[in-house]
$ cat model14.csv   # CSV, C-alpha atoms and all ligand atoms
chain,number,residue,atom,x,y,z
A,67,MET,CA,140.5,81.7,-65.7
A,68,THR,CA,137.4,83.8,-65.9
A,69,THR,CA,137.0,87.6,-65.7
A,70,ASP,CA,137.3,89.1,-62.2
A,71,THR,CA,133.7,90.0,-61.3
A,72,ALA,CA,134.6,91.9,-58.2
A,73,ASP,CA,134.6,94.9,-60.4
A,74,VAL,CA,131.2,96.6,-60.3
A,75,PRO,CA,129.5,97.2,-63.7
A,76,PRO,CA,130.5,100.7,-65.0
A,77,ILE,CA,126.9,102.1,-65.2
A,78,GLY,CA,127.5,105.8,-65.8
A,79,PRO,CA,124.9,108.6,-65.2
A,80,GLN,CA,124.2,108.8,-69.0
A,81,LEU,CA,123.4,105.1,-69.3
A,82,GLN,CA,121.3,105.2,-66.1
A,83,ALA,CA,119.3,108.1,-67.4
A,84,ASP,CA,118.9,106.4,-70.8
A,85,LEU,CA,117.7,103.2,-69.1
A,86,HIS,CA,115.1,105.1,-67.0
A,87,THR,CA,113.7,106.6,-70.1
A,88,LEU,CA,113.6,103.2,-71.9
A,89,TYR,CA,111.9,101.7,-68.9
A,90,LYS,CA,109.2,104.3,-68.7
A,91,GLN,CA,108.6,104.0,-72.5
A,92,LEU,CA,108.2,100.2,-72.2
A,93,HIS,CA,106.0,100.5,-69.1
A,94,ALA,CA,103.6,102.9,-70.9
A,95,ALA,CA,103.3,100.7,-74.0
A,96,PRO,CA,102.8,97.1,-72.8
A,97,GLU,CA,101.6,94.4,-75.2
A,98,LEU,CA,99.8,91.1,-74.6
A,99,SER,CA,101.5,87.7,-74.9
A,100,MET,CA,102.6,86.7,-78.4
A,101,GLN,CA,101.5,90.2,-79.7
A,102,GLU,CA,104.6,92.1,-78.6
A,103,GLN,CA,105.3,93.6,-82.1
A,104,ALA,CA,106.2,97.1,-81.1
A,105,THR,CA,108.3,95.9,-78.1
A,106,ALA,CA,110.2,93.5,-80.4
A,107,ALA,CA,110.8,96.2,-82.9
A,108,LEU,CA,112.2,98.5,-80.2
A,109,ILE,CA,114.4,95.7,-78.8
A,110,THR,CA,115.7,94.9,-82.3
A,111,GLN,CA,116.5,98.5,-83.0
A,112,ARG,CA,118.3,99.0,-79.6
A,113,MET,CA,120.3,95.8,-79.9
A,114,GLY,CA,121.2,96.4,-83.5
A,115,ALA,CA,122.4,99.9,-82.7
A,116,LEU,CA,124.7,98.3,-80.1
A,117,GLY,CA,126.3,96.1,-82.7
A,118,TYR,CA,124.4,92.9,-81.9
A,119,ASP,CA,123.3,90.5,-84.7
A,120,THR,CA,119.5,90.1,-84.3
A,121,PHE,CA,116.9,87.8,-85.7
A,122,GLY,CA,113.2,87.3,-84.9
A,123,CYS,CA,112.2,84.0,-83.4
A,124,GLY,CA,109.0,82.3,-82.2
A,125,GLY,CA,106.7,85.0,-83.5
A,126,THR,CA,107.6,88.2,-81.5
A,127,GLY,CA,110.8,86.9,-79.9
A,128,VAL,CA,114.2,88.5,-80.6
A,129,VAL,CA,117.6,86.9,-80.4
A,130,ALA,CA,120.6,89.2,-80.2
A,131,THR,CA,124.1,87.8,-80.4
A,132,LEU,CA,127.5,89.5,-79.9
A,133,GLU,CA,130.6,87.6,-80.9
A,134,ASN,CA,133.8,88.9,-79.3
A,135,GLY,CA,136.6,86.6,-80.1
A,136,ALA,CA,137.2,83.0,-78.9
A,137,GLY,CA,135.7,82.0,-75.6
A,138,PRO,CA,132.6,80.6,-73.9
A,139,VAL,CA,129.1,81.2,-75.2
A,140,VAL,CA,126.7,82.5,-72.5
A,141,GLY,CA,123.0,83.1,-72.7
A,142,PHE,CA,120.6,85.5,-71.0
A,143,ARG,CA,116.8,85.4,-71.3
A,144,ALA,CA,114.4,88.3,-70.7
A,145,ASP,CA,110.6,87.8,-71.1
A,146,ILE,CA,108.8,90.7,-72.7
A,147,ASP,CA,105.0,90.3,-72.5
A,148,ALA,CA,102.4,92.1,-70.4
A,149,LEU,CA,99.1,91.2,-68.8
A,150,PRO,CA,95.3,92.0,-69.2
A,151,VAL,CA,95.3,94.2,-66.1
A,152,ALA,CA,94.0,97.8,-65.7
A,153,GLU,CA,96.9,99.7,-64.2
A,154,ASP,CA,96.1,101.5,-61.0
A,155,THR,CA,99.5,102.7,-59.8
A,156,GLY,CA,99.0,106.4,-60.2
A,157,LEU,CA,102.5,106.6,-61.8
A,158,ASP,CA,103.0,109.4,-64.3
A,159,TYR,CA,104.2,106.8,-66.8
A,160,ALA,CA,101.3,104.4,-66.1
A,161,SER,CA,99.8,102.4,-69.0
A,162,SER,CA,96.5,103.2,-70.6
A,163,ALA,CA,97.1,100.7,-73.4
A,164,ARG,CA,94.5,98.2,-74.5
A,165,GLY,CA,94.8,94.9,-76.3
A,166,THR,CA,92.7,92.1,-77.8
A,167,LEU,CA,92.8,88.6,-76.2
A,168,PRO,CA,92.7,85.5,-78.4
A,169,ASP,CA,89.0,85.2,-77.7
A,170,GLY,CA,88.4,88.6,-79.2
A,171,SER,CA,87.8,90.5,-76.0
A,172,ASP,CA,89.1,94.1,-75.6
A,173,VAL,CA,91.1,94.5,-72.4
A,174,PRO,CA,93.4,96.9,-70.6
A,175,VAL,CA,97.1,96.0,-70.7
A,176,MET,CA,99.7,96.5,-68.0
A,177,HIS,CA,103.3,95.4,-67.4
A,178,ALA,CA,101.9,94.0,-64.1
A,179,CYS,CA,104.5,91.3,-63.9
A,180,GLY,CA,107.4,93.7,-64.3
A,181,HIS,CA,108.8,92.2,-67.6
A,182,ASP,CA,109.6,95.8,-68.6
A,183,THR,CA,112.3,95.7,-65.9
A,184,HIS,CA,113.6,92.5,-67.4
A,185,ILE,CA,113.9,94.0,-70.9
A,186,THR,CA,115.5,97.2,-69.5
A,187,SER,CA,118.0,95.2,-67.4
A,188,ALA,CA,119.0,93.0,-70.3
A,189,ILE,CA,119.5,96.0,-72.6
A,190,GLY,CA,121.5,97.7,-69.9
A,191,ALA,CA,123.8,94.7,-69.5
A,192,ALA,CA,124.0,94.3,-73.3
A,193,THR,CA,125.1,98.0,-73.5
A,194,LEU,CA,127.9,97.5,-71.0
A,195,LEU,CA,129.2,94.4,-72.8
A,196,ALA,CA,129.1,96.2,-76.2
A,197,GLU,CA,130.9,99.2,-74.8
A,198,GLN,CA,133.5,97.3,-72.8
A,199,ARG,CA,134.5,94.6,-75.4
A,200,HIS,CA,138.1,94.8,-74.2
A,201,THR,CA,137.1,93.4,-70.8
A,202,TRP,CA,135.8,90.0,-72.0
A,203,SER,CA,135.9,87.4,-74.7
A,204,GLY,CA,133.5,84.9,-76.1
A,205,THR,CA,129.9,85.2,-77.3
A,206,VAL,CA,126.8,86.5,-75.6
A,207,VAL,CA,123.3,85.5,-76.7
A,208,PHE,CA,120.4,87.5,-75.5
A,209,LEU,CA,117.0,85.8,-75.7
A,210,PHE,CA,114.0,88.3,-75.6
A,211,GLN,CA,111.2,85.8,-75.1
A,212,PRO,CA,107.5,86.6,-75.9
A,213,GLY,CA,104.5,84.9,-74.3
A,214,GLU,CA,105.8,83.9,-70.9
A,215,GLU,CA,102.5,84.5,-69.2
A,216,THR,CA,100.7,82.0,-71.4
A,217,ALA,CA,103.5,79.4,-71.3
A,218,GLU,CA,103.9,79.7,-75.1
A,219,GLY,CA,106.9,81.8,-75.8
A,220,ALA,CA,109.9,79.6,-74.9
A,221,ALA,CA,108.4,76.6,-76.6
A,222,ALA,CA,107.6,78.8,-79.7
A,223,MET,CA,111.2,80.0,-79.9
A,224,VAL,CA,112.6,76.4,-79.6
A,225,ALA,CA,110.0,75.2,-82.2
A,226,ASP,CA,111.0,78.0,-84.6
A,227,GLY,CA,114.6,76.7,-84.7
A,228,LEU,CA,116.2,78.9,-82.1
A,229,TRP,CA,119.0,76.5,-81.5
A,230,ASP,CA,119.5,75.8,-85.2
A,231,LYS,CA,120.2,79.5,-85.7
A,232,ALA,CA,121.8,80.8,-82.5
A,233,PRO,CA,125.1,79.7,-81.0
A,234,HIS,CA,124.6,77.2,-78.2
A,235,PRO,CA,125.4,78.7,-74.8
A,236,GLU,CA,127.1,76.6,-72.0
A,237,VAL,CA,124.6,78.1,-69.6
A,238,VAL,CA,121.5,80.3,-69.8
A,239,PHE,CA,120.6,82.9,-67.1
A,240,GLY,CA,117.4,84.7,-66.4
A,241,GLN,CA,115.8,86.8,-63.7
A,242,HIS,CA,112.5,88.1,-62.4
A,243,VAL,CA,111.5,91.2,-60.5
A,244,TRP,CA,109.3,90.5,-57.5
A,245,PRO,CA,107.9,92.4,-54.4
A,246,GLY,CA,111.0,92.0,-52.3
A,247,ARG,CA,113.4,94.7,-51.1
A,248,ALA,CA,114.9,96.7,-54.0
A,249,GLY,CA,118.6,96.1,-53.9
A,250,GLN,CA,118.3,92.4,-52.9
A,251,VAL,CA,118.6,89.3,-55.0
A,252,GLU,CA,117.2,85.9,-54.1
A,253,VAL,CA,118.6,82.6,-55.4
A,254,THR,CA,117.4,79.0,-55.0
A,255,SER,CA,119.4,75.9,-55.8
A,256,GLY,CA,117.7,72.9,-57.4
A,257,PRO,CA,113.9,73.0,-57.9
A,258,ALA,CA,113.2,76.7,-57.8
A,259,MET,CA,109.7,77.2,-59.3
A,260,ALA,CA,106.7,74.9,-59.5
A,261,MET,CA,105.3,72.9,-62.3
A,262,ALA,CA,101.9,74.3,-63.2
A,263,ASP,CA,98.9,72.6,-64.9
A,264,SER,CA,95.7,74.5,-65.8
A,265,TRP,CA,92.4,72.9,-66.8
A,266,ARG,CA,89.1,74.2,-67.9
A,267,VAL,CA,86.2,72.1,-66.5
A,268,THR,CA,82.8,72.2,-68.1
A,269,VAL,CA,80.1,70.6,-66.0
A,270,GLN,CA,77.0,69.5,-68.0
A,271,GLY,CA,73.7,69.5,-66.3
A,272,ARG,CA,70.1,69.9,-67.4
A,273,GLY,CA,68.6,73.4,-67.3
A,274,GLY,CA,65.2,74.4,-66.2
A,275,HIS,CA,63.0,76.6,-63.9
A,276,GLY,CA,64.4,77.6,-60.6
A,277,SER,CA,61.2,76.5,-58.9
A,278,GLN,CA,61.5,72.9,-60.2
A,279,PRO,CA,65.1,71.7,-59.4
A,280,HIS,CA,63.8,68.1,-59.3
A,281,ASN,CA,63.3,68.3,-63.1
A,282,THR,CA,66.8,69.6,-63.7
A,283,ILE,CA,70.4,68.5,-63.1
A,284,ASP,CA,71.8,71.6,-61.4
A,285,PRO,CA,75.4,72.2,-62.7
A,286,VAL,CA,75.9,75.0,-60.2
A,287,LEU,CA,75.5,72.8,-57.2
A,288,ILE,CA,77.6,70.0,-58.8
A,289,ALA,CA,80.4,72.5,-59.7
A,290,ALA,CA,80.3,74.0,-56.2
A,291,HIS,CA,80.8,70.5,-54.7
A,292,MET,CA,83.7,69.9,-57.0
A,293,VAL,CA,85.5,73.1,-56.1
A,294,VAL,CA,85.2,72.4,-52.4
A,295,ARG,CA,86.2,68.7,-52.7
A,296,LEU,CA,89.2,69.5,-54.9
A,297,GLN,CA,90.7,71.3,-51.9
A,298,SER,CA,90.3,68.2,-49.7
A,299,VAL,CA,92.6,66.3,-52.1
A,300,ILE,CA,95.4,68.7,-50.9
A,301,SER,CA,94.7,68.1,-47.2
A,302,ARG,CA,93.9,64.3,-47.4
A,303,GLU,CA,95.9,62.9,-50.3
A,304,VAL,CA,99.1,64.9,-50.6
A,305,PRO,CA,101.9,64.2,-48.0
A,306,ALA,CA,102.2,67.1,-45.7
A,307,GLN,CA,105.9,67.5,-46.4
A,308,GLN,CA,105.2,68.0,-50.1
A,309,PRO,CA,104.3,71.5,-51.4
A,310,ALA,CA,101.2,71.5,-53.6
A,311,VAL,CA,98.6,74.2,-54.4
A,312,VAL,CA,95.2,73.9,-56.1
A,313,THR,CA,93.4,77.1,-57.0
A,314,VAL,CA,90.0,77.6,-58.7
A,315,ALA,CA,90.1,81.3,-59.7
A,316,SER,CA,87.3,81.5,-62.3
A,317,PHE,CA,83.8,80.1,-62.1
A,318,HIS,CA,81.0,81.0,-64.5
A,319,ALA,CA,77.4,79.7,-64.6
A,320,GLY,CA,73.9,81.0,-65.2
A,321,LEU,CA,72.3,84.3,-66.2
A,322,LYS,CA,69.3,84.8,-63.9
A,323,GLU,CA,68.3,83.7,-60.4
A,324,ASN,CA,65.3,81.6,-61.5
A,325,ILE,CA,66.9,79.8,-64.4
A,326,ILE,CA,68.9,76.7,-63.6
A,327,PRO,CA,71.6,76.8,-66.3
A,328,SER,CA,72.6,73.8,-68.4
A,329,GLU,CA,76.3,74.1,-67.7
A,330,ALA,CA,78.9,75.6,-65.3
A,331,VAL,CA,82.5,76.3,-66.3
A,332,PHE,CA,85.5,76.8,-64.0
A,333,THR,CA,89.3,76.6,-64.2
A,334,VAL,CA,91.7,74.7,-62.0
A,335,ASN,CA,95.3,75.7,-61.5
A,336,VAL,CA,97.6,73.0,-59.9
A,337,ARG,CA,101.2,73.6,-58.7
A,338,THR,CA,103.7,71.0,-57.5
A,339,LEU,CA,107.5,70.7,-57.2
A,340,ASP,CA,107.8,66.9,-57.5
A,341,PRO,CA,106.8,65.0,-60.7
A,342,ARG,CA,105.4,62.1,-58.6
A,343,VAL,CA,103.3,64.3,-56.5
A,344,ARG,CA,102.0,66.0,-59.6
A,345,GLU,CA,101.0,62.8,-61.2
A,346,ARG,CA,99.2,61.6,-58.1
A,347,LEU,CA,97.5,64.9,-57.5
A,348,LEU,CA,96.3,65.3,-61.1
A,349,GLY,CA,94.9,61.8,-61.0
A,350,ALA,CA,93.0,62.4,-57.8
A,351,LEU,CA,91.6,65.7,-59.0
A,352,ARG,CA,90.3,64.0,-62.2
A,353,ARG,CA,88.8,61.2,-60.1
A,354,VAL,CA,86.9,63.8,-57.9
A,355,LEU,CA,85.6,65.7,-60.9
A,356,LEU,CA,84.2,62.5,-62.6
A,357,ALA,CA,82.8,61.1,-59.4
A,358,GLU,CA,81.0,64.3,-58.3
A,359,ALA,CA,79.3,64.5,-61.7
A,360,GLN,CA,78.3,60.8,-61.4
A,361,ALA,CA,77.0,61.3,-57.9
A,362,SER,CA,74.5,63.8,-59.2
A,363,GLY,CA,73.5,61.8,-62.3
A,364,ALA,CA,75.2,64.3,-64.6
A,365,PRO,CA,77.1,63.4,-67.8
A,366,GLU,CA,80.9,63.1,-67.6
A,367,PRO,CA,82.4,66.7,-67.3
A,368,THR,CA,84.7,67.9,-70.0
A,369,ILE,CA,88.3,68.5,-68.8
A,370,GLU,CA,90.4,70.6,-71.2
A,371,GLU,CA,94.1,70.9,-70.5
A,372,LEU,CA,94.9,74.6,-71.1
A,373,TYR,CA,98.6,74.7,-70.5
A,374,THR,CA,101.5,73.2,-68.5
A,375,PHE,CA,104.6,74.9,-67.1
A,376,PRO,CA,107.7,72.8,-66.6
A,377,LEU,CA,109.6,72.5,-63.3
A,378,MET,CA,112.2,75.2,-63.1
A,379,HIS,CA,115.3,73.6,-61.9
A,380,ASN,CA,118.4,75.7,-61.1
A,381,ASP,CA,121.5,73.7,-61.8
A,382,PRO,CA,123.2,73.4,-58.3
A,383,ALA,CA,126.8,73.8,-59.5
A,384,ALA,CA,126.0,76.8,-61.7
A,385,THR,CA,123.9,78.3,-58.9
A,386,THR,CA,126.7,78.0,-56.4
A,387,ALA,CA,129.1,79.8,-58.7
A,388,LEU,CA,126.6,82.5,-59.6
A,389,THR,CA,125.7,83.1,-55.9
A,390,ALA,CA,129.4,83.6,-55.2
A,391,ALA,CA,129.8,86.0,-58.1
A,392,LEU,CA,126.7,88.0,-57.2
A,393,ARG,CA,127.9,88.3,-53.5
A,394,GLU,CA,131.2,89.7,-54.6
A,395,VAL,CA,129.5,92.5,-56.4
A,396,LEU,CA,126.3,93.1,-54.4
A,397,GLY,CA,127.5,92.1,-51.0
A,398,GLN,CA,127.0,89.0,-48.8
A,399,ASP,CA,123.8,90.4,-47.2
A,400,ASP,CA,122.0,91.4,-50.4
A,401,VAL,CA,122.1,87.9,-52.0
A,402,LEU,CA,119.7,85.6,-50.2
A,403,GLU,CA,119.4,81.9,-50.5
A,404,VAL,CA,115.6,81.1,-50.3
A,405,PRO,CA,113.3,78.1,-50.7
A,406,ALA,CA,111.5,77.2,-53.9
A,407,ARG,CA,108.5,79.4,-55.1
A,408,MET,CA,105.2,78.0,-56.2
A,409,GLY,CA,105.1,80.4,-59.1
A,410,SER,CA,105.9,79.1,-62.5
A,411,GLU,CA,108.1,79.9,-65.5
A,412,ASP,CA,108.6,78.5,-69.0
A,413,PHE,CA,112.3,79.7,-68.9
A,414,GLY,CA,113.5,76.1,-68.4
A,415,HIS,CA,112.5,75.1,-72.0
A,416,LEU,CA,115.3,77.3,-73.4
A,417,PRO,CA,118.4,75.7,-71.7
A,418,GLY,CA,116.5,72.4,-71.5
A,419,ALA,CA,116.1,72.1,-75.3
A,420,ILE,CA,119.9,71.7,-75.7
A,421,GLY,CA,120.6,70.1,-72.3
A,422,VAL,CA,122.6,72.9,-70.8
A,423,PRO,CA,122.2,74.3,-67.2
A,424,GLY,CA,119.9,77.2,-66.5
A,425,VAL,CA,120.0,79.5,-63.5
A,426,TYR,CA,117.1,81.9,-62.7
A,427,TRP,CA,116.9,84.3,-59.8
A,428,PHE,CA,114.7,87.1,-58.4
A,429,PHE,CA,115.5,90.7,-57.7
A,430,GLY,CA,113.5,93.0,-55.4
A,431,GLY,CA,111.5,95.9,-56.7
A,432,LEU,CA,109.9,97.6,-53.7
A,433,PRO,CA,111.3,100.0,-51.0
A,434,ALA,CA,112.2,98.4,-47.7
A,435,GLU,CA,109.5,100.4,-45.9
A,436,VAL,CA,106.8,99.0,-48.1
A,437,VAL,CA,108.1,95.4,-47.8
A,438,ASP,CA,108.4,95.7,-44.1
A,439,GLY,CA,105.2,97.8,-43.5
A,440,ASP,CA,101.9,96.6,-42.1
A,441,ASP,CA,99.9,97.0,-45.3
A,442,PRO,CA,99.7,94.1,-47.8
A,443,VAL,CA,102.4,94.4,-50.4
A,444,PRO,CA,101.2,94.6,-54.1
A,445,SER,CA,102.5,91.5,-55.8
A,446,ASN,CA,103.2,90.7,-59.4
A,447,HIS,CA,99.9,90.7,-61.4
A,448,SER,CA,98.4,93.3,-59.1
A,449,PRO,CA,97.0,96.5,-60.7
A,450,HIS,CA,99.1,98.3,-58.0
A,451,PHE,CA,102.4,96.6,-58.7
A,452,ALA,CA,104.8,99.5,-59.1
A,453,PRO,CA,108.5,98.7,-58.8
A,454,VAL,CA,110.7,101.7,-57.7
A,455,ILE,CA,113.0,102.5,-60.6
A,456,GLU,CA,116.1,102.6,-58.4
A,457,PRO,CA,117.8,100.7,-57.1
A,458,THR,CA,115.7,98.1,-58.9
A,459,LEU,CA,117.1,98.7,-62.4
A,460,THR,CA,120.7,99.1,-61.3
A,461,VAL,CA,120.5,95.8,-59.5
A,462,GLY,CA,118.8,94.1,-62.5
A,463,VAL,CA,121.5,95.3,-64.8
A,464,THR,CA,124.3,94.5,-62.3
A,465,ALA,CA,123.0,90.9,-61.7
A,466,ALA,CA,122.6,90.2,-65.4
A,467,TRP,CA,126.1,91.7,-66.2
A,468,THR,CA,127.7,89.9,-63.3
A,469,ALA,CA,126.2,86.5,-64.3
A,470,LEU,CA,127.4,86.9,-67.9
A,471,MET,CA,130.9,88.2,-67.0
A,472,SER,CA,131.3,85.4,-64.5
A,473,ARG,CA,131.2,82.9,-67.3
A,474,LEU,CA,132.7,84.8,-70.2
A,475,GLY,CA,136.5,84.7,-70.9
A,476,THR,CA,139.0,87.3,-69.9
A,477,GLY,CA,139.6,90.6,-71.6
A,478,ARG,CA,141.7,91.0,-74.7
B,501,ZN,ZN,106.6,87.4,-65.0
B,502,ZN,ZN,103.6,86.9,-64.4
$ encode --input "model14.csv" --output "structure tokens"
Amino acid sequence: MTTDTADVPPIGPQLQADLHTLYKQLHAAPELSMQEQATAALITQRMGALGYDTFGCGGTGVVATLENGAGPVVGFRADIDALPVAEDTGLDYASSARGTLPDGSDVPVMHACGHDTHITSAIGAATLLAEQRHTWSGTVVFLFQPGEETAEGAAAMVADGLWDKAPHPEVVFGQHVWPGRAGQVEVTSGPAMAMADSWRVTVQGRGGHGSQPHNTIDPVLIAAHMVVRLQSVISREVPAQQPAVVTVASFHAGLKENIIPSEAVFTVNVRTLDPRVRERLLGALRRVLLAEAQASGAPEPTIEELYTFPLMHNDPAATTALTAALREVLGQDDVLEVPARMGSEDFGHLPGAIGVPGVYWFFGGLPAEVVDGDDPVPSNHSPHFAPVIEPTLTVGVTAAWTALMSRLGTGR
């Protein structure tokens, strides 16, 4: 028998105020992927003070374990990194932090994906579990993961021996804030988030004077043809019933209007939900890139694979059980079952590395009037993404606590 989760988590006014302060502190001091030193130190200090055993893992990751007698081992993951975005929310706790990207460029940094709400929610749930040890039994393992945005952190933790050092959970949970209604949670069973592949394409041409294009091979024109033709692969080669997205979001070439440059560089981001569709789509994209270069008499373009996100698959049985548990606590209407998203996550590596189920859900962060209004809603990664603190954090803590309690043993 498991613990009765119909009880709501006992978040008192003191804990709530403490979590608000923690959230603002994290929001004002974001750190780029795999550079989350101060964030990791803060997490280690907080979790240690609660009585958790902690160790660093995967660079700036932190694992925090609390053993509380015999019983199931349950895992919860929170990602901790921020993005190179200049915050423009106008919040009084807005970030003015800066950071250095791996290429050496100095950039503004913002918790534009809301991972600060994930850290705060996890610490909130961890606090409740530490304070209420008589209400459960077993072991909880919190995984504070660095570098989600660059698809590095989960793999880095696994490669650093995460599962040699930490107890193996029977299930790992995780969650993400998103621009839905604050107070609501969204769950998807089965494939829940897309595989993503990113490439950097370098088109080689032959530079020269803008007045004499016949003496050059113009990489700008070739790359422009490539970008347009890549989209036609989606409409002509992917079955209409299969979700797939191709995005070219960066494109760089040339310095001056009358100098034809010798190369053009752009990136391609590809998202799919079915491994067979992925394989076919990537093959077709590669074919188009090579053929367009050949059509213009240019050398073969260079295609660098930047990173790959795995499919995020929510174990159906664990998802059904979690949905029922969340509905008991949050209410039937505030736990929605929704289709898969085309966003991506590296969360799946963590349970996947030991072959246990994972379940990952979304919680809303915006007021209903903003979500339902006529203006475009600021999404994750926007400089305007500003989750409301409540009820966002209370629901984040409640969902995390409920998921863990639904799998832990009864009280002692
Ligand atoms: Zn995120
Ligand atoms: Zn993100």
$ residues_near_ligand --input "model14.csv" --ligand "ligand ZN 502 (chain B)" --cutoff "7 Å" --atoms "only C-alpha atoms and all ligand atoms" --output "PDB file with C-alpha atoms, keeping the file's coordinate frame"
ATOM      1  CA  CYS A 179     104.500  91.300 -63.900  1.00  0.00           C
ATOM      2  CA  GLU A 215     102.500  84.500 -69.200  1.00  0.00           C
ATOM      3  CA  ASN A 446     103.200  90.700 -59.400  1.00  0.00           C
ATOM      4  CA  HIS A 447      99.900  90.700 -61.400  1.00  0.00           C
TER       5      HIS A 447
END
$ residues_near_ligand --input "model14.csv" --ligand "ligand ZN 501 (chain B)" --cutoff "8 Å" --atoms "all atoms listed in the file" --output "list of chain:residue names"
A:Asp145, A:Cys179, A:Gly180, A:His181, A:Glu214, A:Glu215, A:His242, A:Val243, A:Glu411, A:Asn446
$ residues_near_point --input "model14.csv" --point "(72.4, 83.4, -64.4)" --cutoff "12 Å" --atoms "all atoms listed in the file" --output "PDB file with C-alpha atoms, keeping the file's coordinate frame"
ATOM      1  CA  GLY A 273      68.600  73.400 -67.300  1.00  0.00           C
ATOM      2  CA  GLY A 274      65.200  74.400 -66.200  1.00  0.00           C
ATOM      3  CA  HIS A 275      63.000  76.600 -63.900  1.00  0.00           C
ATOM      4  CA  GLY A 276      64.400  77.600 -60.600  1.00  0.00           C
ATOM      5  CA  PRO A 285      75.400  72.200 -62.700  1.00  0.00           C
ATOM      6  CA  VAL A 286      75.900  75.000 -60.200  1.00  0.00           C
ATOM      7  CA  HIS A 318      81.000  81.000 -64.500  1.00  0.00           C
ATOM      8  CA  ALA A 319      77.400  79.700 -64.600  1.00  0.00           C
ATOM      9  CA  GLY A 320      73.900  81.000 -65.200  1.00  0.00           C
ATOM     10  CA  LEU A 321      72.300  84.300 -66.200  1.00  0.00           C
ATOM     11  CA  LYS A 322      69.300  84.800 -63.900  1.00  0.00           C
ATOM     12  CA  GLU A 323      68.300  83.700 -60.400  1.00  0.00           C
ATOM     13  CA  ASN A 324      65.300  81.600 -61.500  1.00  0.00           C
ATOM     14  CA  ILE A 325      66.900  79.800 -64.400  1.00  0.00           C
ATOM     15  CA  ILE A 326      68.900  76.700 -63.600  1.00  0.00           C
ATOM     16  CA  PRO A 327      71.600  76.800 -66.300  1.00  0.00           C
ATOM     17  CA  SER A 328      72.600  73.800 -68.400  1.00  0.00           C
ATOM     18  CA  GLU A 329      76.300  74.100 -67.700  1.00  0.00           C
ATOM     19  CA  ALA A 330      78.900  75.600 -65.300  1.00  0.00           C
TER      20      ALA A 330
END
$ closest_residue --input "model14.csv" --among "A:Ala232, A:Ala258, A:Ala104, A:Leu92" --to "A:Ala178" --atoms "only C-alpha atoms"
A:Leu92
$ atom_distance --input "model14.csv" --atom1 "atom CA of A:Ile369" --atom2 "atom CA of A:Phe317"
14.1 Å
$ residues_around --input "model14.csv" --residues "stretch 384-399 of chain A" --least-positions-apart "6" --cutoff "8 Å" --atoms "all atoms listed in the file" --output "number ranges by chain"
A: 71-74, 253-255, 423-425, 465, 468-469, 472
$ residues_around --input "model14.csv" --residues "A:His86" --least-positions-apart "2" --cutoff "12 Å" --atoms "only C-alpha atoms" --output "list in words"
Pro79, Gln80, Leu81, Gln82, Ala83, Asp84, Leu88, Tyr89, Lys90, Gln91, Leu92, His93, Tyr159, Asp182, Thr183, Ile185, Thr186, Ser187, Ile189, Gly190, Val454, Ile455, Glu456, Pro457, Thr458, Leu459, Thr460 and Val463 of chain A
$ write_last_selection --input "model14.csv" --atoms "C-alpha atoms" --output "PDB file, keeping the file's coordinate frame"
ATOM      1  CA  PRO A  79     124.900 108.600 -65.200  1.00  0.00           C
ATOM      2  CA  GLN A  80     124.200 108.800 -69.000  1.00  0.00           C
ATOM      3  CA  LEU A  81     123.400 105.100 -69.300  1.00  0.00           C
ATOM      4  CA  GLN A  82     121.300 105.200 -66.100  1.00  0.00           C
ATOM      5  CA  ALA A  83     119.300 108.100 -67.400  1.00  0.00           C
ATOM      6  CA  ASP A  84     118.900 106.400 -70.800  1.00  0.00           C
ATOM      7  CA  LEU A  88     113.600 103.200 -71.900  1.00  0.00           C
ATOM      8  CA  TYR A  89     111.900 101.700 -68.900  1.00  0.00           C
ATOM      9  CA  LYS A  90     109.200 104.300 -68.700  1.00  0.00           C
ATOM     10  CA  GLN A  91     108.600 104.000 -72.500  1.00  0.00           C
ATOM     11  CA  LEU A  92     108.200 100.200 -72.200  1.00  0.00           C
ATOM     12  CA  HIS A  93     106.000 100.500 -69.100  1.00  0.00           C
ATOM     13  CA  TYR A 159     104.200 106.800 -66.800  1.00  0.00           C
ATOM     14  CA  ASP A 182     109.600  95.800 -68.600  1.00  0.00           C
ATOM     15  CA  THR A 183     112.300  95.700 -65.900  1.00  0.00           C
ATOM     16  CA  ILE A 185     113.900  94.000 -70.900  1.00  0.00           C
ATOM     17  CA  THR A 186     115.500  97.200 -69.500  1.00  0.00           C
ATOM     18  CA  SER A 187     118.000  95.200 -67.400  1.00  0.00           C
ATOM     19  CA  ILE A 189     119.500  96.000 -72.600  1.00  0.00           C
ATOM     20  CA  GLY A 190     121.500  97.700 -69.900  1.00  0.00           C
ATOM     21  CA  VAL A 454     110.700 101.700 -57.700  1.00  0.00           C
ATOM     22  CA  ILE A 455     113.000 102.500 -60.600  1.00  0.00           C
ATOM     23  CA  GLU A 456     116.100 102.600 -58.400  1.00  0.00           C
ATOM     24  CA  PRO A 457     117.800 100.700 -57.100  1.00  0.00           C
ATOM     25  CA  THR A 458     115.700  98.100 -58.900  1.00  0.00           C
ATOM     26  CA  LEU A 459     117.100  98.700 -62.400  1.00  0.00           C
ATOM     27  CA  THR A 460     120.700  99.100 -61.300  1.00  0.00           C
ATOM     28  CA  VAL A 463     121.500  95.300 -64.800  1.00  0.00           C
TER      29      VAL A 463
END
$ closest_atom_pairs --input "model14.csv" --of "stretch 203-314 of chain A" --to "stretch 109-119 of chain A" --cutoff "10 Å" --atoms "all atoms listed in the file" --output "JSON lines"
{"residue": "A:Val206", "atom": "CA", "partner": "A:Tyr118", "partner_atom": "CA", "distance": 9.3}
{"residue": "A:Val207", "atom": "CA", "partner": "A:Tyr118", "partner_atom": "CA", "distance": 9.1}
{"residue": "A:Phe208", "atom": "CA", "partner": "A:Tyr118", "partner_atom": "CA", "distance": 9.3}
{"residue": "A:Phe210", "atom": "CA", "partner": "A:Ile109", "partner_atom": "CA", "distance": 8.1}
